[in-house]
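Contents: one structure, followed by commentary.
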Amino acid sequence: MTGDVMTEIPRRDPRREWIARNRLHPDHDRVLAELGQGSAAAIEWMGPHGVMRKNPHAAGFIGPNGLRRIDRSGLQQGGAPSAAARGRQESRRRVEIASPAFLIAVVPEMSGGRLSHHDRDLLGLARQLADADPERPGAVLAVFFGSYKGEGEGEPKERALGEAGIDRLLHLTSDEYDGFAPQARIAALAAAERELSPRHWLLPDSPLGGADLGRRLAVRLDERAATGVWQVEADETCMLGWRCTARGAAGSLDIQRPLPRVALVLAECAEPVSETLHAAEELALNIELPANLARIEDLGQVAVDPGSVSLGEAEFILSAGNGVSDWDGFHHAARCLRATEGASRVAVDNGFMPRDRQVGATGTWVTARVYVAVGISGAIQHLQGIQSCEKVVAINSDPGCDMVKRADLAVIADASEVLAALVDLVESRRSQANRGESRDAA
Amino acid sequence: MQPDSRPFEVAVLLSVGRHPLTGRARRADHDARGLELALGLSRNLDRLQVRVLHAGHHDADNDAALRGYLGMGLEALTLVEQPAGADVIPALADVLAMAPPQLVVTGSRAECGEGSGLVPYALAERLGWPLVNGVVEVESIDKGVATLLQALPRGQRRRLTVRLPAILSVDAAAPAARQSAFGPAQRGALDSLQEVAIIDEELTEWTFSPARRRPKRLKIIKATSARERFKAAAAKAEGGGGQVLSNVTPEQGAEAVYKLLEEEGVLR
């Protein structure tokens, strides 16, 4: 009995503690091991009186030039940045809004089948409107037409859309909405208005289709839309609780007015959602399209000479640099791919391409969706010029160049051989497709 | 019935523009392009009658700007009298409904006032006519169906057919307007037409100010520790995530590039 009491009382051995503190003592390692602090993990331990003890000598690691380095950020050294980024994503707060007080409807334009920057800003603004009152949160409803193309490999649709801040989703994939089909789209949006009656409709004021659709929707709902909205702030005196600043008179005036039900919003109106993860729960809606819609008929896109499209607004650019030696092959490839031709400064200076085709800080700042750089090493001025391109493909023989680092897909091979192979591939696939079509017709 | 017994009637809606630098009244750029498009229809049609309408009021600046349109080769312009601050949509809809043309051409937005670009849409809704925006060319008009070319972003074009009567709106992608000649501009007539004016009450409650420069978006760094802040400040442009194919045959490389181009839908 007394023995038990004796063992419960913490006993200190001052000599051993002194040896454990003295790194130069010959018994230091043995004593540390006995105290259970031999490994590098025991940087901290609970002292006998309940005080946390730290061993400053065990902290950190020996750097490349023999000096001890202590990382005080709390992170252990050596974590891959991708892992950190993944950790950040997983740390997003999950938000489920089961019974929303109201709905904010957003119609993102989804150019190329994915959310653009403009769409994300718009969803950020919708979240501001929905989350203004934490007691009665609203839900953001996104309505979009056409197929969705995931971001990255295998990322589920709900995840990507939930990260953008979407609570409810109305995804309409019927053929009637493809191409220029304002009447069908407006019919669908009007059905959504009848069934769900959202408090606001937000659309992007962009020439990709949002500007047109939003104005049509506004006149159909008999609302006076605010167009070119770039700032929204809370104001209790307004009917819906918000005041907006909109551009008017071809961008030369600012109009302060209460935010109406339908608003067409410019890019960078709000910060995109970055902290929360929403449900993106899919809704089903029974939409009956009126039968007599065919007053406007879409006959499809017209083949435009890619050379006539200005470099600044071209969608698909094939750009050549110093690594290109076979210029006839390059021009042939551009014709075959139906791409607009671009060039780096070197190719222009050497006289292979005209000056108006130069991409970069001293030439044109391009906005292409797909930019194929052939034999361009990627000077910083050139990389500045292609900042806003979505997908960059590099074909280069030098694996260490900056363009390869920037590119989403880099092929390390001889440029002219890859281009020739690409041309063969495209031509063979086209002829296959043509043969298939002619067989169908027959 | 003779198809050509009646001339093909086109109405063009014009507004008074504002020069972006000097702020003087001028012919509006988009509207002038619309008028050019309408006058260019004479290439497709034997008998064309272009009627031009402006809803507004007489004053020295406005008249000078409107005479700019007359100088493009018109004999007369109908001025639908409306005081400043009136809602022009009911008046224009009434005038168009009284003598309906087969085609109405407008610019995409005004250069002064609210300039929201809603007028063609509101007119289309009131008249119940289809509307096509961003028209660059009327290719043909045949048996009440017009074939149009519509401008898409990035210099692309789309072919549409629309059943007439219809409203076409024109933006900066349409062919540039011809020069305005001084003599015809002075000889042309400005015919007034009285219409009931409905004052736009909502507009009077808004405040207008010269456009402020929009604040530049700041890069928001959400770092919890000094180390993360330093890393964010010292970070080079993000390069990671790209796929690098080395030691591949040109065919394999071309296959990978083809796959990406196909996914992005840029191969046509």
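Residues in the structure tokens are named by chain (A, B, ... in the order shown) and by number from 1 within that chain; ligands are numbered from 1 in the order shown.
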Distance filter 7 Å, only C-alpha atoms, chain A against chain B, as a VMD selection string: chain A and resid 73 207 to 208 215 to 216 219 227 248 to 257 295 to 302 304 309 313 to 316 337 405 to 413 417 to 418 421 to 422
Counting only C-alpha atoms, which residues in stretch 79-103 of chain B sit no more than 6 Å from stretch 7-15 of chain B? For each one, give the nearest pair of atoms and the distance in Å, sorted by chain then residue number, as CSV.
residue,atom,partner,partner_atom,distance
B:Pro101,CA,B:Glu9,CA,5.1
B:Gln102,CA,B:Glu9,CA,5.6
B:Leu103,CA,B:Val10,CA,4.8
Atomic distance atom CA of A:Gly162 - atom CA of A:Val265, expressed in Å with one decimal: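 Result for atom CA of A:Gly162 versus atom CA of A:Val265: 21.0 Å, one decimal.
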Filtered DSSP result for stretch 260-337 of chain A, state strand (DSSP E or B), as a list in words: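 Strand (DSSP E or B) members of stretch 260-337 of chain A, listed: Val262, Ala263, Leu264, Val265, Thr276, Leu277, Glu281, Glu282, Ile296, Glu297, Asp298, Leu299, Gly300, Gln301, Val302, Phe316, Ile317, Leu318, Ser319 and Ala320 of chain A.
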Please write the residues from the selection above to a file, keeping all heavy atoms, as a short mmCIF file (atom, residue, chain, number, x, y, z; two decimals), in the first residue's frame.
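Output contents, as saved in result26.cif:
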data_model
loop_
_atom_site.label_atom_id
_atom_site.label_comp_id
_atom_site.auth_asym_id
_atom_site.auth_seq_id
_atom_site.Cartn_x
_atom_site.Cartn_y
_atom_site.Cartn_z
N VAL A 262 -33.36 41.74 -61.97
CA VAL A 262 -32.46 41.18 -62.98
C VAL A 262 -31.26 42.12 -63.10
O VAL A 262 -31.43 43.31 -63.31
CB VAL A 262 -33.18 41.06 -64.34
CG1 VAL A 262 -32.24 40.46 -65.36
CG2 VAL A 262 -34.43 40.24 -64.21
N ALA A 263 -30.07 41.57 -62.95
CA ALA A 263 -28.88 42.40 -63.07
C ALA A 263 -27.89 41.71 -63.99
O ALA A 263 -27.69 40.50 -63.92
CB ALA A 263 -28.25 42.63 -61.70
N LEU A 264 -27.30 42.52 -64.88
CA LEU A 264 -26.24 42.02 -65.77
C LEU A 264 -24.94 42.61 -65.25
O LEU A 264 -24.81 43.82 -65.15
CB LEU A 264 -26.50 42.45 -67.20
CG LEU A 264 -27.55 41.61 -67.90
CD1 LEU A 264 -28.91 42.17 -67.70
CD2 LEU A 264 -27.23 41.51 -69.36
N VAL A 265 -24.02 41.75 -64.93
CA VAL A 265 -22.90 42.13 -64.08
C VAL A 265 -21.61 42.00 -64.86
O VAL A 265 -21.41 41.07 -65.62
CB VAL A 265 -22.89 41.22 -62.83
CG1 VAL A 265 -21.83 41.64 -61.89
CG2 VAL A 265 -24.23 41.26 -62.14
N THR A 276 -15.55 28.21 -48.83
CA THR A 276 -16.60 27.26 -48.50
C THR A 276 -16.82 26.29 -49.65
O THR A 276 -16.41 26.53 -50.79
CB THR A 276 -17.92 27.99 -48.21
OG1 THR A 276 -18.16 28.90 -49.28
CG2 THR A 276 -17.85 28.72 -46.90
N LEU A 277 -17.43 25.18 -49.31
CA LEU A 277 -17.76 24.16 -50.30
C LEU A 277 -19.26 23.92 -50.19
O LEU A 277 -19.77 23.61 -49.11
CB LEU A 277 -16.98 22.89 -49.98
CG LEU A 277 -17.27 21.67 -50.85
CD1 LEU A 277 -16.90 21.97 -52.28
CD2 LEU A 277 -16.47 20.49 -50.37
N GLU A 281 -26.52 20.67 -55.41
CA GLU A 281 -27.53 19.61 -55.48
C GLU A 281 -28.37 19.82 -56.74
O GLU A 281 -28.83 20.94 -56.99
CB GLU A 281 -28.39 19.76 -54.23
CG GLU A 281 -29.43 18.73 -54.01
CD GLU A 281 -30.28 19.14 -52.82
OE1 GLU A 281 -29.71 19.51 -51.77
OE2 GLU A 281 -31.50 19.14 -52.96
N GLU A 282 -28.54 18.77 -57.51
CA GLU A 282 -29.20 18.94 -58.80
C GLU A 282 -30.73 18.93 -58.64
O GLU A 282 -31.27 18.08 -57.95
CB GLU A 282 -28.77 17.84 -59.76
CG GLU A 282 -28.98 18.23 -61.19
CD GLU A 282 -27.88 17.72 -62.11
OE1 GLU A 282 -26.79 17.35 -61.64
OE2 GLU A 282 -28.12 17.70 -63.31
N ILE A 296 -36.49 31.82 -85.46
CA ILE A 296 -35.06 31.99 -85.71
C ILE A 296 -34.47 30.60 -85.85
O ILE A 296 -34.70 29.75 -85.01
CB ILE A 296 -34.37 32.74 -84.56
CG1 ILE A 296 -34.99 34.11 -84.37
CG2 ILE A 296 -32.89 32.87 -84.83
CD1 ILE A 296 -34.44 34.86 -83.20
N GLU A 297 -33.74 30.38 -86.92
CA GLU A 297 -33.12 29.08 -87.09
C GLU A 297 -31.62 29.25 -87.21
O GLU A 297 -31.13 30.13 -87.92
CB GLU A 297 -33.68 28.41 -88.36
CG GLU A 297 -33.40 26.93 -88.38
CD GLU A 297 -33.85 26.31 -89.71
OE1 GLU A 297 -34.63 26.94 -90.44
OE2 GLU A 297 -33.38 25.21 -90.00
N ASP A 298 -30.88 28.42 -86.48
CA ASP A 298 -29.43 28.49 -86.47
C ASP A 298 -28.89 27.55 -87.54
O ASP A 298 -29.17 26.36 -87.52
CB ASP A 298 -28.93 28.08 -85.08
CG ASP A 298 -27.44 28.33 -84.93
OD1 ASP A 298 -26.78 28.60 -85.95
OD2 ASP A 298 -26.96 28.25 -83.79
N LEU A 299 -28.16 28.09 -88.50
CA LEU A 299 -27.59 27.25 -89.56
C LEU A 299 -26.14 26.89 -89.27
O LEU A 299 -25.43 26.39 -90.13
CB LEU A 299 -27.69 27.95 -90.91
CG LEU A 299 -29.10 28.33 -91.36
CD1 LEU A 299 -29.05 28.96 -92.73
CD2 LEU A 299 -30.00 27.12 -91.37
N GLY A 300 -25.68 27.20 -88.07
CA GLY A 300 -24.33 26.79 -87.69
C GLY A 300 -23.29 27.84 -87.99
O GLY A 300 -23.55 28.83 -88.67
N GLN A 301 -22.10 27.58 -87.46
CA GLN A 301 -21.03 28.56 -87.64
C GLN A 301 -20.49 28.53 -89.05
O GLN A 301 -20.51 27.50 -89.71
CB GLN A 301 -19.89 28.26 -86.66
CG GLN A 301 -20.17 28.81 -85.28
CD GLN A 301 -18.91 28.99 -84.49
OE1 GLN A 301 -17.82 29.06 -85.05
NE2 GLN A 301 -19.05 29.07 -83.19
N VAL A 302 -20.02 29.66 -89.47
CA VAL A 302 -19.47 29.81 -90.81
C VAL A 302 -17.96 29.71 -90.69
O VAL A 302 -17.37 30.21 -89.73
CB VAL A 302 -19.87 31.19 -91.36
CG1 VAL A 302 -19.37 31.38 -92.76
CG2 VAL A 302 -21.36 31.37 -91.29
N PHE A 316 -7.67 30.28 -81.22
CA PHE A 316 -6.73 29.18 -81.33
C PHE A 316 -5.53 29.69 -82.12
O PHE A 316 -5.68 30.08 -83.28
CB PHE A 316 -7.43 28.01 -82.03
CG PHE A 316 -6.56 26.83 -82.33
CD1 PHE A 316 -5.47 26.51 -81.54
CD2 PHE A 316 -6.86 26.00 -83.40
CE1 PHE A 316 -4.68 25.42 -81.83
CE2 PHE A 316 -6.08 24.90 -83.70
CZ PHE A 316 -4.99 24.61 -82.90
N ILE A 317 -4.38 29.74 -81.49
CA ILE A 317 -3.19 30.33 -82.13
C ILE A 317 -2.11 29.27 -82.22
O ILE A 317 -1.83 28.56 -81.26
CB ILE A 317 -2.69 31.54 -81.33
CG1 ILE A 317 -3.74 32.64 -81.31
CG2 ILE A 317 -1.39 32.08 -81.91
CD1 ILE A 317 -3.34 33.85 -80.53
N LEU A 318 -1.52 29.17 -83.38
CA LEU A 318 -0.32 28.35 -83.58
C LEU A 318 0.82 29.33 -83.76
O LEU A 318 0.82 30.13 -84.69
CB LEU A 318 -0.49 27.47 -84.81
CG LEU A 318 0.61 26.45 -85.08
CD1 LEU A 318 0.57 25.35 -84.05
CD2 LEU A 318 0.45 25.85 -86.46
N SER A 319 1.76 29.29 -82.84
CA SER A 319 2.78 30.33 -82.80
C SER A 319 4.16 29.73 -83.00
O SER A 319 4.46 28.67 -82.46
CB SER A 319 2.68 31.03 -81.45
OG SER A 319 3.42 32.19 -81.45
N ALA A 320 4.98 30.42 -83.77
CA ALA A 320 6.29 29.87 -84.13
C ALA A 320 7.41 30.72 -83.56
O ALA A 320 7.28 31.93 -83.44
CB ALA A 320 6.42 29.81 -85.64
#
Which residue of A:Ala347, A:Leu240, A:Ile386, A:Leu266 approaches A:Trp365 most closely, using only C-alpha atoms: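 The closest residue to A:Trp365 is A:Ile386.
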Backbone DSSP call of alpha helix (DSSP H) for stretch 125-224 of chain A, listed as a ChimeraX atom specification: /A:125-130,157-163,182-196,210-220
Residue neighbourhood B:Ala32, 9 Å, only C-alpha atoms, exclusion window fewer than 3 positions, as a count of residues only: 13
